[in-house]
Amino acid sequence: MSQVPRKEHHAAHHFDDAVQERDAALLGMWLFIGQELLFFGGLAVLYIVMRLQHPGAFVEGSGHLSWKLGGLNTAFLVVSSMTLGLAIRSAKRDEAGKIVPFLGATFLLALSFLVVKGFEYSEKIHHGLVPGKWFSAIGADPSLHVFFGMYFATTGLHALHVLIGMGLLVWLMLRARRGHFHSGYQTPLDLVNLYWHTVELIWIFLFPALYLVS
Amino acid sequence: MSHHPDPNASYLESPAGFWPWLKSWLFTLDHKRIGILYFLGIVFSFGLGGFFAMVIRIELLRPHGLMLTHTQYNQVFTLHGAVMVFLFIIPSIPATIGNFVLPLLLGAKDVAFPRLNLLSFYIYLLGAVLAIFSLFSGAVDTGWTFYTPYSTQTGTAVISMTLAAFVLGFSSILTGINFIVTIHKLRAPGMGWFRIPLFAWATYATSIIQILATPVLAITLVLLILERTLGLGIFDPALGGDPVLFQHFFWFYSHPAVYIMILPAMGVMSEIITTHAQKDIFGYRFVAFSSIAIAVISFLVWGHHMYVSGQSLYANMIFSVLTLLVAIPSAIKVFNWVATLYGGHIHWRVPFLYAMGFIFLFLIGGFTGIILALLSLDVHLHDTYFIVAHFHYVMVGGTVMAFVGALHHWWPKMFGRMYSENWARVAFVLVFLGFNLTFFVQFILGSKGMPRRYHNYLDQFQPLHAFSTFGSWVLGLGFIVMTVYLIHSAFRGKKAPANPWESRTLEWQTASPPTTGNFEGTPTVTGGPYDYPRAGAAAGRNGRPE
Ligand SMILES: [Cu+2]
């Protein structure tokens with residue numbers, strides 16, 4: 001087999017070599033994910049306490065959510081992880097022309113997720129299910145608003161993470177267009193991939209916890 | 001970046017002209033310069049927090065107040081606490097000394113992510129601006145703990161201050177990530193895990209807490225803000241929430257945060273004591289692992305702040321036992337430092353004086369912590385001045401003494417100048433004496449029943465309160481003297497040699513101040529960090545760049 005000349009990546013001055021640089025970046029991202037999990041872990045504890053204190057509200061509130069739309073959104077995120085993976089594969093194989101399309105597909109799937117979320121939110125607003133000062137729905141359970149407080153706080157913070165992820169995807173596309181990624185260098189792609197999997201994982205927990213209670 | 005500094009020139013050297021000079025500082029990626037930027041921010045915060053402290057003490061000269069309304073008094077003690085905790089003490093040692101010294105100690109050229117490092121400084125600055133904005137827009141009066149439901153109801157500026165704490169937390173998380181990766185990946189060749197200087201071990205343990213505890217505070221503050229602005233029912237019982245849950249969340253961060261404050265101080269101790277006693281640390285692995293042990297246990301003891309919150313008696317008992325466990329690794333450290341001194345060649349220089357001050361005051365802070373960990377005693381001492389005295393002995397007697405000690409220890413390295421040893425001794429005596437005068441009487445006040453955070457008090461407490469106030473003036477004078485001679489030293493001080501204390505660790509094996517590239521070539525490590533010559537033996541080998 002003939003050896004194709006590998007493209008080179010030059011590490012920043014304070015690293016010995018590109019391998020050390022890549023290892024450092026990945027470790028940093030794992031640590032960042034650790035803090036993300038603790039951040040949402042706080043919400044998980046809150047969820048458990050609130051659900052134990054207001055079980056009826058969670059059953060009733062969950063009934064107001066459409067598991068079909070939630071399931072659709074789950075599918076969007078799962079497929080988007082796949083397209084992002086394909087973008088990395090293209091970089092590893094030096095198929096530069098395919099990186100941007102795969103990243104673009106990932107971006108559109110993330111956008112679809114937010115659009116569906118937007119429809120769900122506007123429907124809740126329409127029915128007076130926005131928690132707090134504007135809550136006007138009359139539920140069978142007097143603390144129905146507690147469930148929707150949880151719903152908007154958790155999905156809202158998750159949606160913010162999706163939005164940040166979309167920003168990162170745009171950044172990756174700009175860099176990919178300039179030919180930054182190739183068989184010798186995919187670190188930024190890998191970092192965003194780790195982040196995106198975390199965002200997906202959090203949704204995998206949120207979906208049953210909110211949509212499938214009863 | 002338009003300006004590329006020469007790696008072999010002093011890191012303090014800047015291009016000519018005011019704007020290029022300013023730009024070279026504001027956009028620097030050099031960990032040493034970022035350390036100095038943090039240093040300026042932290043000294044400013046300490047001054048601000050100290051000013052509020054002085055106002056509190058003056059106000060308490062009289063049992064019925066002197067110049068403030070009740071609300072103003074509540075605001076002043078809240079601001080003192082919030083500024084000192086979030087803006088000063090949490091970032092103090094890690095962000096200034098850590099940024100400056102850690103890569104040098106490891107023989108690295110920089111931290112792992114220099115741009116992230118500069119970003120965390122600007123996030124810190126944003127947090128500081130928010131906190132100061134909060135001062136002028138109806139300063140918060142909840143106490144630095146922001147307990148609900150009061151914090152969701154008071155009319156003062158809760159949101160801007162909690163937002164400031166949230167932003168500052170983010171800065172703290174990013175610094176923690178940077179340091180852990182630096183310690184893992186950028187150690188000099190030959191520096192195995194058990195050849196790392198102990199300050200780096202302490203920084204490592206601190207960073208773990210910063211990364212794992214701070215996000216819980218972040219989510220808590222986000223929820224508090226959402227509850228206050230949107231009226232979500234999370235902590236307010238009137239809305240179906242649970243106020244004790246806020247306390248659990250808050251202390252799940254804020255107890256470990258105490259170790260974010262004290263662990264770096266303990267790391268500083270190991271460096272100062274080995275250098276100024278010219279002796280290898282006694283029990284390196286015990287000192288290193290006790291840092292990790294403290295970090296782990298710190299996540300399991302938060303309930304000791306909530307003995308009287310109505311949590312179950314069994315929870316109280318478990319938290320009490322776990323809290324007592326913290327005493328073991330803490331005591332290991334103290335015993336090992338003292339054992340290190342045995343047979344050492346002790347130089348009674350100023351950093352060493354602060355180290356001894358630390359051990360003395362930390363012992364008092366630690367022992368009174370054991371008293372407070374015990375359920376039967378804490379029920380009586382809870383929310384009294386005994387608590388105030390206890391945590392000031394740990395935070396000021398511990399962390400501030402270590403921070404000031406570290407500043408004197410590494411000052412010649414940081415600025416390439418020596419300070420006046422005599423004036424520094426004067427300042428040490430004033431600070432040490434003033435601190436004890438201020439706070440020791442507060443143990444007595446608390447055990448006699450003086451509650452904390454009260455604006456007015458019974459006449460019988462006045463002599464002790466007045467005594468404490470006079471002490472605070474001595475303490476304040478000490479810091480003023482220190483400020484004067486340090487500023488003088490920075491501009492007019494005698495040029496410092498590369499290694500004035502004859503230390504063995506790597507940061508002293510390069511120029512004072514260090515070059516932008518830190519070392520000429522990459523240093524290679526062949527022995528432990530404290531390889532001091534034993535009496536009569538030949539000089540050790542470690543710590544010299546090739
Ligand atoms: Cu505690």
# chains A, B, ... in the order shown; residues from 1 in each chain; ligands from 1
>>> interface_residues(of="chain A", to="chain B", cutoff="9 Å", atoms="only C-alpha atoms", output="ChimeraX atom specification")
/A:13-16,20-21,23-25,27-29,31-32,34-43,46,49-50,53-54,131-134,143,145-146,148-150,153
>>> residues_near_ligand(ligand="ligand 1", cutoff="12 Å", atoms="only C-alpha atoms and all ligand atoms", output="number ranges by chain")
B: 247-248, 250-261, 297-307, 319-320, 322-324, 326, 366, 369-370, 372-373, 387, 390-391, 394
>>> residues_around(residues="B:Phe352", least_positions_apart="6", cutoff="7 Å", atoms="only C-alpha atoms", output="PyMOL selection string")
chain B and resi 272-273+276
>>> write_last_selection(atoms="all heavy atoms", output="PDB file, in the first residue's frame")
ATOM      1  N   ILE B 272       6.258  27.217  51.473  1.00  0.00           N
ATOM      2  CA  ILE B 272       6.990  28.172  52.314  1.00  0.00           C
ATOM      3  C   ILE B 272       7.818  27.431  53.358  1.00  0.00           C
ATOM      4  O   ILE B 272       8.997  27.732  53.578  1.00  0.00           O
ATOM      5  CB  ILE B 272       6.011  29.154  53.003  1.00  0.00           C
ATOM      6  CG1 ILE B 272       5.343  30.056  51.962  1.00  0.00           C
ATOM      7  CG2 ILE B 272       6.744  29.988  54.050  1.00  0.00           C
ATOM      8  CD1 ILE B 272       4.397  31.081  52.563  1.00  0.00           C
ATOM      9  N   ILE B 273       7.192  26.425  53.992  1.00  0.00           N
ATOM     10  CA  ILE B 273       7.888  25.757  55.095  1.00  0.00           C
ATOM     11  C   ILE B 273       9.109  24.993  54.594  1.00  0.00           C
ATOM     12  O   ILE B 273      10.191  25.090  55.169  1.00  0.00           O
ATOM     13  CB  ILE B 273       6.903  24.847  55.858  1.00  0.00           C
ATOM     14  CG1 ILE B 273       5.986  25.735  56.698  1.00  0.00           C
ATOM     15  CG2 ILE B 273       7.645  23.855  56.746  1.00  0.00           C
ATOM     16  CD1 ILE B 273       4.891  25.017  57.401  1.00  0.00           C
ATOM     17  N   HIS B 276      11.877  27.721  53.533  1.00  0.00           N
ATOM     18  CA  HIS B 276      12.516  28.535  54.570  1.00  0.00           C
ATOM     19  C   HIS B 276      13.070  27.693  55.715  1.00  0.00           C
ATOM     20  O   HIS B 276      13.785  28.213  56.566  1.00  0.00           O
ATOM     21  CB  HIS B 276      11.554  29.610  55.060  1.00  0.00           C
ATOM     22  CG  HIS B 276      11.211  30.594  53.982  1.00  0.00           C
ATOM     23  ND1 HIS B 276      11.965  31.709  53.717  1.00  0.00           N
ATOM     24  CD2 HIS B 276      10.230  30.587  53.047  1.00  0.00           C
ATOM     25  CE1 HIS B 276      11.450  32.365  52.675  1.00  0.00           C
ATOM     26  NE2 HIS B 276      10.395  31.700  52.248  1.00  0.00           N
TER      27      HIS B 276
END
>>> closest_residue(among="A:Leu210, A:Ala176, A:Val199, A:Ala137", to="A:Ile88", atoms="only C-alpha atoms")
A:Ala176
>>> residues_around(residues="stretch 114-118 of chain A", least_positions_apart="6", cutoff="12 Å", atoms="only C-alpha atoms", output="list in words")
Leu65, Ser66, Lys68, Leu69, Gly70, Gly71, Leu72, Asn73, Thr74, Ala75, Phe76, Leu77, Phe107, Leu108, Lys124, Ile125, Tyr151, Phe152, Thr155, Gly156, His158, Ala159, Leu160, His161, Val162, Leu163, Ile164, Gly165 and Met166 of chain A
>>> atom_distance(atom1="atom CA of B:Thr206", atom2="atom CA of B:Gly405")
18.9 Å
>>> atom_distance(atom1="atom CA of B:Val426", atom2="atom CA of B:Val481")
8.1 Å
>>> select_by_dssp(residues="stretch 287-503 of chain B", states="strand (DSSP E or B)", output="list in words")
Thr384, Arg417, Pro451 and Lys495 of chain B
>>> closest_residue(among="B:Leu48, B:Leu363, B:Ala53, B:Ile34", to="B:Ser472", atoms="only C-alpha atoms")
B:Ala53
>>> residues_around(residues="B:Pro7", least_positions_apart="5", cutoff="8 Å", atoms="only C-alpha atoms", output="PyMOL selection string")
chain B and resi 515-518
